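Shown here: query.tsv, TSV, C-alpha atoms.
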```tsv
chain	number	residue	atom	x	y	z
A	1	MET	CA	51.30	43.09	18.85
A	2	GLY	CA	48.32	43.21	21.23
A	3	PRO	CA	47.12	46.31	23.08
A	4	GLY	CA	48.85	45.22	26.29
A	5	ALA	CA	52.21	44.70	24.63
A	6	ALA	CA	51.93	48.02	22.78
A	7	PHE	CA	51.19	49.83	26.06
A	8	THR	CA	54.15	48.14	27.73
A	9	ALA	CA	56.49	49.11	24.90
A	10	ALA	CA	55.25	52.70	24.98
A	11	ALA	CA	55.73	52.83	28.77
A	12	ALA	CA	59.29	51.51	28.39
A	13	ARG	CA	60.10	54.16	25.77
A	14	GLN	CA	58.66	56.93	27.94
A	15	ALA	CA	60.58	55.61	30.97
A	16	GLU	CA	63.83	55.79	29.00
A	17	VAL	CA	63.06	59.39	28.01
A	18	LEU	CA	62.52	60.20	31.69
A	19	ARG	CA	65.79	58.46	32.59
A	20	THR	CA	67.62	60.59	30.04
A	21	ASP	CA	65.96	63.69	31.47
A	22	GLY	CA	66.99	62.61	34.95
A	23	ASN	CA	70.57	62.15	33.83
A	24	THR	CA	70.57	65.64	32.34
A	25	PHE	CA	69.21	67.15	35.55
A	26	PHE	CA	71.77	65.22	37.58
A	27	GLY	CA	74.60	66.56	35.42
A	28	LYS	CA	73.37	70.07	36.19
A	29	HIS	CA	73.20	69.30	39.94
A	30	ARG	CA	69.41	69.64	39.90
A	31	TYR	CA	68.94	66.60	42.11
A	32	GLY	CA	65.31	67.30	43.03
A	33	ALA	CA	64.29	67.43	39.37
A	34	ALA	CA	66.34	64.31	38.64
A	35	ILE	CA	64.60	62.47	41.48
A	36	ASP	CA	61.20	63.45	40.05
A	37	ALA	CA	62.19	62.16	36.60
A	38	TYR	CA	63.50	58.85	37.92
A	39	THR	CA	60.41	58.46	40.12
A	40	GLU	CA	58.17	58.81	37.08
A	41	ALA	CA	60.30	56.28	35.21
A	42	ILE	CA	59.96	53.87	38.14
A	43	ALA	CA	56.19	54.35	38.15
A	44	LEU	CA	56.12	53.29	34.49
A	45	CYS	CA	58.70	50.47	34.72
A	46	PRO	CA	59.34	49.50	38.37
A	47	ASN	CA	61.42	46.44	37.46
A	48	VAL	CA	64.34	48.30	35.88
A	49	PRO	CA	67.14	48.39	38.49
A	50	VAL	CA	69.07	51.31	36.94
A	51	TYR	CA	66.18	53.67	37.67
A	52	TRP	CA	66.45	52.80	41.36
A	53	THR	CA	70.24	53.15	41.49
A	54	ASN	CA	70.10	56.47	39.65
A	55	ARG	CA	67.58	57.81	42.14
A	56	ALA	CA	69.66	56.44	45.02
A	57	LEU	CA	72.65	58.37	43.69
A	58	CYS	CA	70.58	61.58	43.78
A	59	HIS	CA	69.58	60.86	47.37
A	60	ARG	CA	73.24	60.31	48.17
A	61	ARG	CA	74.14	63.74	46.83
A	62	ARG	CA	71.47	65.17	49.13
A	63	ASN	CA	72.73	63.11	52.10
A	64	ASP	CA	69.35	61.40	52.44
A	65	TRP	CA	70.85	58.08	53.48
A	66	THR	CA	67.56	56.45	54.50
A	67	LYS	CA	66.28	56.77	50.94
A	68	VAL	CA	69.67	55.71	49.55
A	69	GLU	CA	69.33	52.49	51.52
A	70	GLU	CA	65.73	51.92	50.43
A	71	ASP	CA	66.42	52.43	46.72
A	72	SER	CA	69.64	50.41	46.82
A	73	ARG	CA	67.90	47.45	48.47
A	74	LYS	CA	65.18	47.54	45.83
A	75	ALA	CA	67.78	47.61	43.05
A	76	ILE	CA	69.52	44.59	44.61
A	77	GLU	CA	66.20	42.73	44.69
A	78	LEU	CA	65.94	43.30	40.94
A	79	ASP	CA	69.62	42.70	40.14
A	80	TYR	CA	71.78	41.07	42.81
A	81	ASN	CA	74.89	41.73	40.72
A	82	SER	CA	74.44	45.51	40.62
A	83	VAL	CA	77.79	47.04	41.60
A	84	LYS	CA	76.31	50.49	42.21
A	85	ALA	CA	73.48	49.16	44.37
A	86	HIS	CA	75.79	47.20	46.68
A	87	TYR	CA	78.20	50.14	46.80
A	88	MET	CA	75.59	52.70	47.80
A	89	LEU	CA	73.94	50.33	50.24
A	90	GLY	CA	77.32	49.85	51.87
A	91	LEU	CA	77.79	53.62	52.17
A	92	ALA	CA	74.31	54.01	53.64
A	93	LEU	CA	74.95	51.33	56.26
A	94	LEU	CA	78.23	53.01	57.23
A	95	GLN	CA	76.30	56.23	57.81
A	96	LYS	CA	74.19	54.28	60.35
A	97	ASN	CA	77.42	53.04	61.95
A	98	GLU	CA	76.57	49.49	60.87
A	99	LEU	CA	80.20	48.78	60.04
A	100	ALA	CA	79.94	45.01	59.56
A	101	GLY	CA	77.03	45.34	57.13
A	102	GLY	CA	78.67	48.23	55.34
A	103	VAL	CA	81.96	46.37	54.89
A	104	LYS	CA	80.07	43.31	53.61
A	105	GLU	CA	78.22	45.32	50.96
A	106	LEU	CA	81.32	47.25	49.89
A	107	GLN	CA	83.27	44.01	49.60
A	108	ARG	CA	80.49	42.55	47.44
A	109	ALA	CA	80.55	45.66	45.25
A	110	LEU	CA	84.34	45.44	44.93
A	111	ASP	CA	84.24	41.78	43.96
A	112	LEU	CA	81.56	42.44	41.34
A	113	GLY	CA	83.38	45.50	40.04
A	114	ARG	CA	86.68	43.69	39.69
A	115	GLY	CA	84.96	41.01	37.67
A	116	ALA	CA	83.25	43.49	35.35
A	117	ASN	CA	85.96	46.15	34.93
A	118	PRO	CA	89.10	45.63	37.07
A	119	VAL	CA	90.67	48.99	36.14
A	120	GLY	CA	87.48	51.07	36.18
A	121	TYR	CA	87.34	54.26	38.24
A	122	MET	CA	84.51	52.84	40.33
A	123	VAL	CA	86.59	49.88	41.53
A	124	GLU	CA	89.20	52.29	42.85
A	125	GLU	CA	86.54	54.44	44.54
A	126	ILE	CA	84.92	51.41	46.15
A	127	TRP	CA	88.28	50.15	47.43
A	128	GLN	CA	89.05	53.51	49.03
A	129	GLU	CA	85.73	53.47	50.89
A	130	LEU	CA	86.23	49.83	51.85
A	131	ALA	CA	89.73	50.48	53.20
A	132	LYS	CA	88.41	53.35	55.35
A	133	ALA	CA	85.51	51.23	56.58
A	134	LYS	CA	87.79	48.33	57.51
A	135	TYR	CA	90.07	50.68	59.39
A	136	MET	CA	87.08	52.10	61.29
A	137	GLN	CA	85.94	48.55	62.04
A	138	TRP	CA	89.37	47.57	63.32
A	139	GLU	CA	89.64	50.74	65.41
A	140	GLN	CA	86.14	50.26	66.84
A	141	SER	CA	86.92	46.66	67.73
A	142	SER	CA	90.10	47.71	69.54
A	143	THR	CA	88.23	50.41	71.48
A	144	LYS	CA	85.47	47.98	72.42
A	145	ARG	CA	87.97	45.46	73.79
A	146	SER	CA	89.65	48.17	75.87
A	147	TRP	CA	86.30	49.31	77.27
A	148	GLU	CA	85.24	45.75	78.12
A	149	LEU	CA	88.56	45.13	79.89
A	150	GLN	CA	88.24	48.34	81.91
A	151	SER	CA	84.65	47.46	82.87
A	152	LEU	CA	85.74	44.02	84.05
A	153	LYS	CA	88.57	45.56	86.10
A	154	GLU	CA	86.16	47.95	87.81
A	155	ALA	CA	83.74	45.11	88.57
A	156	CYS	CA	86.53	43.07	90.18
A	157	GLU	CA	87.69	46.06	92.24
A	158	ASN	CA	84.14	46.66	93.46
A	159	ALA	CA	83.83	43.00	94.42
A	160	LEU	CA	87.09	43.19	96.41
A	161	GLU	CA	85.90	46.35	98.18
A	162	GLU	CA	82.62	44.68	99.10
A	163	LYS	CA	84.43	41.58	100.40
A	164	HIS	CA	86.78	43.74	102.47
A	165	PHE	CA	83.84	45.65	103.96
A	166	LEU	CA	81.98	42.44	104.92
A	167	ASP	CA	85.12	40.92	106.42
A	168	SER	CA	85.85	44.08	108.44
A	169	CYS	CA	82.35	44.02	109.90
A	170	GLN	CA	82.95	40.51	111.25
A	171	THR	CA	86.46	41.09	112.63
A	172	GLU	CA	86.41	44.38	114.50
A	173	GLY	CA	89.73	45.40	116.04
A	174	PHE	CA	91.88	43.74	113.40
A	175	LEU	CA	91.54	46.31	110.60
A	176	ASP	CA	95.27	47.01	110.32
A	177	GLU	CA	96.04	43.31	109.92
A	178	MET	CA	93.27	42.96	107.31
A	179	ASN	CA	94.40	45.95	105.27
A	180	VAL	CA	97.69	44.30	104.33
A	181	PRO	CA	96.26	41.36	102.33
A	182	HIS	CA	93.49	43.61	101.02
A	183	LEU	CA	95.96	46.06	99.52
A	184	LYS	CA	98.02	43.17	98.17
A	185	GLN	CA	94.95	41.80	96.40
A	186	PHE	CA	94.32	45.19	94.79
A	187	GLU	CA	97.92	45.40	93.68
A	188	ASP	CA	97.85	41.89	92.20
A	189	LEU	CA	94.56	42.64	90.45
A	190	GLY	CA	96.02	45.80	88.93
A	191	GLN	CA	99.04	43.88	87.63
A	192	VAL	CA	96.83	41.20	86.07
A	193	PHE	CA	94.75	43.74	84.15
A	194	LYS	CA	97.82	45.74	83.19
A	195	ARG	CA	99.32	42.66	81.52
A	196	ALA	CA	95.98	41.81	79.92
A	197	ALA	CA	95.71	45.31	78.48
A	198	GLU	CA	99.25	45.13	77.10
A	199	ASP	CA	98.58	41.75	75.49
A	200	ASP	CA	95.27	42.96	74.03
A	201	THR	CA	96.56	46.24	72.61
A	202	PRO	CA	97.10	45.89	68.84
A	203	THR	CA	100.65	46.87	67.95
A	204	GLU	CA	100.23	46.74	64.20
A	205	VAL	CA	97.60	47.77	61.70
A	206	PRO	CA	96.30	44.77	59.65
A	207	ASP	CA	98.17	44.11	56.39
A	208	TYR	CA	95.13	44.73	54.21
A	209	LEU	CA	95.11	48.37	55.35
A	210	CYS	CA	98.76	48.96	54.43
A	211	CYS	CA	100.69	49.51	51.20
A	212	ARG	CA	103.00	46.61	50.38
A	213	ILE	CA	105.79	49.03	49.40
A	214	THR	CA	105.70	51.70	52.13
A	215	LEU	CA	104.14	49.43	54.80
A	216	ASP	CA	102.20	52.51	55.94
A	217	ILE	CA	98.43	52.89	56.24
A	218	PHE	CA	96.76	53.70	52.90
A	219	ARG	CA	95.94	57.35	52.32
A	220	ASP	CA	95.17	57.24	48.59
A	221	PRO	CA	95.14	53.59	47.48
A	222	VAL	CA	94.87	52.44	43.88
A	223	ILE	CA	94.32	48.98	42.44
A	224	THR	CA	96.58	47.59	39.72
A	225	PRO	CA	95.15	45.39	36.95
A	226	SER	CA	96.37	42.35	38.91
A	227	GLY	CA	94.11	43.36	41.82
A	228	VAL	CA	96.93	44.38	44.20
A	229	SER	CA	96.57	47.71	46.05
A	230	TYR	CA	99.35	50.27	46.47
A	231	GLU	CA	99.69	53.88	47.57
A	232	ARG	CA	99.09	56.01	44.47
A	233	ALA	CA	102.11	58.32	44.85
A	234	VAL	CA	104.46	55.40	45.42
A	235	ILE	CA	103.35	53.33	42.45
A	236	LEU	CA	103.39	56.37	40.12
A	237	ASN	CA	106.89	57.22	41.27
A	238	HIS	CA	107.94	53.62	40.67
A	239	LEU	CA	106.52	53.67	37.14
A	240	GLN	CA	108.26	56.94	36.36
A	241	LYS	CA	111.59	55.50	37.46
A	242	LEU	CA	111.04	52.60	35.13
A	243	ASN	CA	110.13	55.07	32.36
A	244	LEU	CA	106.86	53.27	31.86
A	245	GLY	CA	104.64	56.30	32.24
A	246	GLY	CA	101.02	55.46	31.83
A	247	LYS	CA	98.09	56.04	34.11
A	248	VAL	CA	97.14	54.00	37.17
```
In structure tokens, what does this structure look like?
Amino acid sequence: MGPGAAFTAAAARQAEVLRTDGNTFFGKHRYGAAIDAYTEAIALCPNVPVYWTNRALCHRRRNDWTKVEEDSRKAIELDYNSVKAHYMLGLALLQKNELAGGVKELQRALDLGRGANPVGYMVEEIWQELAKAKYMQWEQSSTKRSWELQSLKEACENALEEKHFLDSCQTEGFLDEMNVPHLKQFEDLGQVFKRAAEDDTPTEVPDYLCCRITLDIFRDPVITPSGVSYERAVILNHLQKLNLGGKV
């Protein structure tokens, strides 16, 4: 073994010691010390993705979402199949209100997690965050459509008012006769937008946000080994009735 290889091996061993130290500090909630240990490990071996995800997790506990995003992106560069990196990047993007990006990363994390360990605790945690994010995305989309429709209605009303004013300036003495069709136009416009708003208002929450048994919105979803999601209390109650027991 040459001098270069020996130095590399020694650096890798020291980096692993630092990672272990960081894990110990993390377990004691000493996140600053854990960050320092992981940072030293990264300085020695910058191409090990777990060092970056571990440090990102510390930043998450300190609500430093900018650094969570930075470390998660670096981990993904090193290992595109890192469940934790995609998961934490998704959470960081949600904190920036980038719902589409957050949902995409959480979905990627869920797909990778299901492939690696379908019944693992992390898959369930990721699904819960993904369900909440999708609901926020659906709710935001509905609110945006309502706002756009209201803005369009106001623009049309302003245009009618301006047309009525210009017409009245050219036909003095006939204001009473002009007011009748003008008011009728406003009434018709209001009816058009009322129907549009009714047609655009979502009457049901999307199926992927609801339990297949209760048909209600998920509050505490769990994933079965087959990959189907149910409300935890309902599926546990169902198993107890069947005398299957077990843990979901």
Quick one: everything within 10 Å of segment 15-28 of chain A, counting only C-alpha atoms, minus sequence neighbours fewer than 2 positions away in the same chain. Send it as a PyMOL selection string. chain A and resi 9-13+30-46+48+50-51+54-55+57-58+61
Could you write those residues out with C-alpha atoms, as a tab-separated table (two decimals), in the frame of the given file?
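Resulting contents of selection_10.tsv:
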```
chain	number	residue	atom	x	y	z
A	9	ALA	CA	56.49	49.11	24.90
A	10	ALA	CA	55.25	52.70	24.98
A	11	ALA	CA	55.73	52.83	28.77
A	12	ALA	CA	59.29	51.51	28.39
A	13	ARG	CA	60.10	54.16	25.77
A	30	ARG	CA	69.41	69.64	39.90
A	31	TYR	CA	68.94	66.60	42.11
A	32	GLY	CA	65.31	67.30	43.03
A	33	ALA	CA	64.29	67.43	39.37
A	34	ALA	CA	66.34	64.31	38.64
A	35	ILE	CA	64.60	62.47	41.48
A	36	ASP	CA	61.20	63.45	40.05
A	37	ALA	CA	62.19	62.16	36.60
A	38	TYR	CA	63.50	58.85	37.92
A	39	THR	CA	60.41	58.46	40.12
A	40	GLU	CA	58.17	58.81	37.08
A	41	ALA	CA	60.30	56.28	35.21
A	42	ILE	CA	59.96	53.87	38.14
A	43	ALA	CA	56.19	54.35	38.15
A	44	LEU	CA	56.12	53.29	34.49
A	45	CYS	CA	58.70	50.47	34.72
A	46	PRO	CA	59.34	49.50	38.37
A	48	VAL	CA	64.34	48.30	35.88
A	50	VAL	CA	69.07	51.31	36.94
A	51	TYR	CA	66.18	53.67	37.67
A	54	ASN	CA	70.10	56.47	39.65
A	55	ARG	CA	67.58	57.81	42.14
A	57	LEU	CA	72.65	58.37	43.69
A	58	CYS	CA	70.58	61.58	43.78
A	61	ARG	CA	74.14	63.74	46.83
```
If I put a ball of radius 9 Å at (85.7, 49.1, 52.8) in the file's coordinates, which residues poke into it when counting all atoms listed in the file, written as a PDB file with C-alpha atoms, in the coordinates of the input?
```pdb
ATOM      1  CA  GLY A  90      77.320  49.850  51.870  1.00  0.00           C
ATOM      2  CA  GLY A 102      78.670  48.230  55.340  1.00  0.00           C
ATOM      3  CA  VAL A 103      81.960  46.370  54.890  1.00  0.00           C
ATOM      4  CA  LYS A 104      80.070  43.310  53.610  1.00  0.00           C
ATOM      5  CA  GLU A 105      78.220  45.320  50.960  1.00  0.00           C
ATOM      6  CA  LEU A 106      81.320  47.250  49.890  1.00  0.00           C
ATOM      7  CA  GLN A 107      83.270  44.010  49.600  1.00  0.00           C
ATOM      8  CA  LEU A 110      84.340  45.440  44.930  1.00  0.00           C
ATOM      9  CA  ILE A 126      84.920  51.410  46.150  1.00  0.00           C
ATOM     10  CA  TRP A 127      88.280  50.150  47.430  1.00  0.00           C
ATOM     11  CA  GLN A 128      89.050  53.510  49.030  1.00  0.00           C
ATOM     12  CA  GLU A 129      85.730  53.470  50.890  1.00  0.00           C
ATOM     13  CA  LEU A 130      86.230  49.830  51.850  1.00  0.00           C
ATOM     14  CA  ALA A 131      89.730  50.480  53.200  1.00  0.00           C
ATOM     15  CA  LYS A 132      88.410  53.350  55.350  1.00  0.00           C
ATOM     16  CA  ALA A 133      85.510  51.230  56.580  1.00  0.00           C
ATOM     17  CA  LYS A 134      87.790  48.330  57.510  1.00  0.00           C
ATOM     18  CA  TYR A 135      90.070  50.680  59.390  1.00  0.00           C
TER      19      TYR A 135
END
```
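A straight line drawn from atom CA of Ala100 of chain A to atom CA of Lys153 of chain A is 27.9 Å long.
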Extending 6 Å beyond the listed atoms of segment 97-114 of chain A on each side, what axis-aligned box results? I want centre and edge lengths in Å to one decimal, as AutoDock Vina command-line options.
```
--center_x 81.6 --center_y 47.4 --center_z 50.8 --size_x 22.1 --size_y 23.3 --size_z 34.3
```
For Asp111 of chain A, list every protein, DNA or RNA residue within 12 Å, evaluated using all atoms listed in the file, and leave out those in the same chain fewer than 2 positions away; present the list as a list in words. Asn81, Ser82, Val83, Lys84, His86, Tyr87, Lys104, Glu105, Leu106, Gln107, Arg108, Ala109, Gly113, Arg114, Gly115, Ala116, Asn117, Pro118, Met122, Val123, Glu124, Ile126, Trp127, Leu130 and Gly227 of chain A
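Pairwise distance (atom CA of Met136 of chain A, atom CA of Leu99 of chain A) equals 7.7 Å.
Nearest to Leu152 of chain A of all the residues A:Gly101, A:Trp138, A:Val192, A:Thr8 is A:Val192, counting all atoms listed in the file.
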Output requested as a PDB file, in the coordinates of the input - segment 43-54 of chain A, filled out with all heavy atoms.
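The new file rebuild-v9.pdb reads:
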```
ATOM      1  N   ALA A  43      57.633  54.577  38.170  1.00  0.00           N
ATOM      2  CA  ALA A  43      56.190  54.350  38.150  1.00  0.00           C
ATOM      3  C   ALA A  43      55.769  53.622  36.870  1.00  0.00           C
ATOM      4  O   ALA A  43      54.870  52.781  36.880  1.00  0.00           O
ATOM      5  CB  ALA A  43      55.450  55.678  38.272  1.00  0.00           C
ATOM      6  N   LEU A  44      56.444  53.942  35.765  1.00  0.00           N
ATOM      7  CA  LEU A  44      56.120  53.290  34.490  1.00  0.00           C
ATOM      8  C   LEU A  44      56.721  51.896  34.393  1.00  0.00           C
ATOM      9  O   LEU A  44      56.068  50.960  33.907  1.00  0.00           O
ATOM     10  CB  LEU A  44      56.634  54.154  33.329  1.00  0.00           C
ATOM     11  CG  LEU A  44      55.903  55.480  33.088  1.00  0.00           C
ATOM     12  CD1 LEU A  44      56.662  56.324  32.082  1.00  0.00           C
ATOM     13  CD2 LEU A  44      54.473  55.214  32.590  1.00  0.00           C
ATOM     14  N   CYS A  45      57.986  51.755  34.830  1.00  0.00           N
ATOM     15  CA  CYS A  45      58.700  50.470  34.720  1.00  0.00           C
ATOM     16  C   CYS A  45      59.427  50.180  36.035  1.00  0.00           C
ATOM     17  O   CYS A  45      60.649  50.434  36.136  1.00  0.00           O
ATOM     18  CB  CYS A  45      59.688  50.497  33.558  1.00  0.00           C
ATOM     19  SG  CYS A  45      58.922  50.733  31.940  1.00  0.00           S
ATOM     20  N   PRO A  46      58.738  49.689  37.038  1.00  0.00           N
ATOM     21  CA  PRO A  46      59.340  49.500  38.370  1.00  0.00           C
ATOM     22  C   PRO A  46      60.374  48.383  38.453  1.00  0.00           C
ATOM     23  O   PRO A  46      61.067  48.263  39.470  1.00  0.00           O
ATOM     24  CB  PRO A  46      58.134  49.188  39.253  1.00  0.00           C
ATOM     25  CG  PRO A  46      57.120  48.613  38.310  1.00  0.00           C
ATOM     26  CD  PRO A  46      57.321  49.334  37.019  1.00  0.00           C
ATOM     27  N   ASN A  47      60.500  47.577  37.416  1.00  0.00           N
ATOM     28  CA  ASN A  47      61.420  46.440  37.460  1.00  0.00           C
ATOM     29  C   ASN A  47      62.755  46.694  36.772  1.00  0.00           C
ATOM     30  O   ASN A  47      63.503  45.755  36.496  1.00  0.00           O
ATOM     31  CB  ASN A  47      60.759  45.201  36.844  1.00  0.00           C
ATOM     32  CG  ASN A  47      59.572  44.729  37.661  1.00  0.00           C
ATOM     33  OD1 ASN A  47      59.570  44.834  38.889  1.00  0.00           O
ATOM     34  ND2 ASN A  47      58.548  44.219  36.985  1.00  0.00           N
ATOM     35  N   VAL A  48      63.060  47.953  36.494  1.00  0.00           N
ATOM     36  CA  VAL A  48      64.340  48.300  35.880  1.00  0.00           C
ATOM     37  C   VAL A  48      65.275  48.805  36.972  1.00  0.00           C
ATOM     38  O   VAL A  48      65.080  49.907  37.495  1.00  0.00           O
ATOM     39  CB  VAL A  48      64.165  49.378  34.787  1.00  0.00           C
ATOM     40  CG1 VAL A  48      65.528  49.732  34.169  1.00  0.00           C
ATOM     41  CG2 VAL A  48      63.199  48.885  33.713  1.00  0.00           C
ATOM     42  N   PRO A  49      66.298  48.032  37.336  1.00  0.00           N
ATOM     43  CA  PRO A  49      67.140  48.390  38.490  1.00  0.00           C
ATOM     44  C   PRO A  49      67.889  49.710  38.357  1.00  0.00           C
ATOM     45  O   PRO A  49      68.114  50.406  39.338  1.00  0.00           O
ATOM     46  CB  PRO A  49      68.100  47.208  38.620  1.00  0.00           C
ATOM     47  CG  PRO A  49      68.060  46.509  37.306  1.00  0.00           C
ATOM     48  CD  PRO A  49      66.688  46.735  36.771  1.00  0.00           C
ATOM     49  N   VAL A  50      68.272  50.094  37.119  1.00  0.00           N
ATOM     50  CA  VAL A  50      69.070  51.310  36.940  1.00  0.00           C
ATOM     51  C   VAL A  50      68.294  52.554  37.355  1.00  0.00           C
ATOM     52  O   VAL A  50      68.878  53.547  37.806  1.00  0.00           O
ATOM     53  CB  VAL A  50      69.588  51.438  35.492  1.00  0.00           C
ATOM     54  CG1 VAL A  50      68.453  51.744  34.533  1.00  0.00           C
ATOM     55  CG2 VAL A  50      70.670  52.508  35.407  1.00  0.00           C
ATOM     56  N   TYR A  51      66.965  52.508  37.243  1.00  0.00           N
ATOM     57  CA  TYR A  51      66.180  53.670  37.670  1.00  0.00           C
ATOM     58  C   TYR A  51      66.314  53.860  39.181  1.00  0.00           C
ATOM     59  O   TYR A  51      66.385  54.990  39.673  1.00  0.00           O
ATOM     60  CB  TYR A  51      64.707  53.498  37.297  1.00  0.00           C
ATOM     61  CG  TYR A  51      64.443  53.357  35.819  1.00  0.00           C
ATOM     62  CD1 TYR A  51      63.254  52.804  35.355  1.00  0.00           C
ATOM     63  CD2 TYR A  51      65.373  53.782  34.866  1.00  0.00           C
ATOM     64  CE1 TYR A  51      62.994  52.662  34.001  1.00  0.00           C
ATOM     65  CE2 TYR A  51      65.121  53.636  33.504  1.00  0.00           C
ATOM     66  CZ  TYR A  51      63.932  53.068  33.078  1.00  0.00           C
ATOM     67  OH  TYR A  51      63.684  52.929  31.727  1.00  0.00           O
ATOM     68  N   TRP A  52      66.337  52.754  39.894  1.00  0.00           N
ATOM     69  CA  TRP A  52      66.450  52.800  41.360  1.00  0.00           C
ATOM     70  C   TRP A  52      67.847  53.249  41.788  1.00  0.00           C
ATOM     71  O   TRP A  52      67.990  54.051  42.711  1.00  0.00           O
ATOM     72  CB  TRP A  52      66.120  51.435  41.962  1.00  0.00           C
ATOM     73  CG  TRP A  52      64.708  50.994  41.746  1.00  0.00           C
ATOM     74  CD1 TRP A  52      64.230  50.265  40.698  1.00  0.00           C
ATOM     75  CD2 TRP A  52      63.580  51.291  42.573  1.00  0.00           C
ATOM     76  NE1 TRP A  52      62.889  50.061  40.825  1.00  0.00           N
ATOM     77  CE2 TRP A  52      62.459  50.674  41.976  1.00  0.00           C
ATOM     78  CE3 TRP A  52      63.405  51.981  43.765  1.00  0.00           C
ATOM     79  CZ2 TRP A  52      61.182  50.753  42.534  1.00  0.00           C
ATOM     80  CZ3 TRP A  52      62.140  52.055  44.326  1.00  0.00           C
ATOM     81  CH2 TRP A  52      61.040  51.447  43.710  1.00  0.00           C
ATOM     82  N   THR A  53      68.878  52.745  41.108  1.00  0.00           N
ATOM     83  CA  THR A  53      70.240  53.150  41.490  1.00  0.00           C
ATOM     84  C   THR A  53      70.497  54.614  41.131  1.00  0.00           C
ATOM     85  O   THR A  53      71.189  55.327  41.859  1.00  0.00           O
ATOM     86  CB  THR A  53      71.297  52.250  40.819  1.00  0.00           C
ATOM     87  OG1 THR A  53      71.083  52.223  39.404  1.00  0.00           O
ATOM     88  CG2 THR A  53      71.250  50.839  41.367  1.00  0.00           C
ATOM     89  N   ASN A  54      69.933  55.062  40.009  1.00  0.00           N
ATOM     90  CA  ASN A  54      70.100  56.470  39.650  1.00  0.00           C
ATOM     91  C   ASN A  54      69.442  57.373  40.687  1.00  0.00           C
ATOM     92  O   ASN A  54      69.996  58.409  41.071  1.00  0.00           O
ATOM     93  CB  ASN A  54      69.494  56.736  38.262  1.00  0.00           C
ATOM     94  CG  ASN A  54      70.389  56.250  37.141  1.00  0.00           C
ATOM     95  OD1 ASN A  54      71.405  55.607  37.392  1.00  0.00           O
ATOM     96  ND2 ASN A  54      70.025  56.535  35.906  1.00  0.00           N
TER      97      ASN A  54
END
```
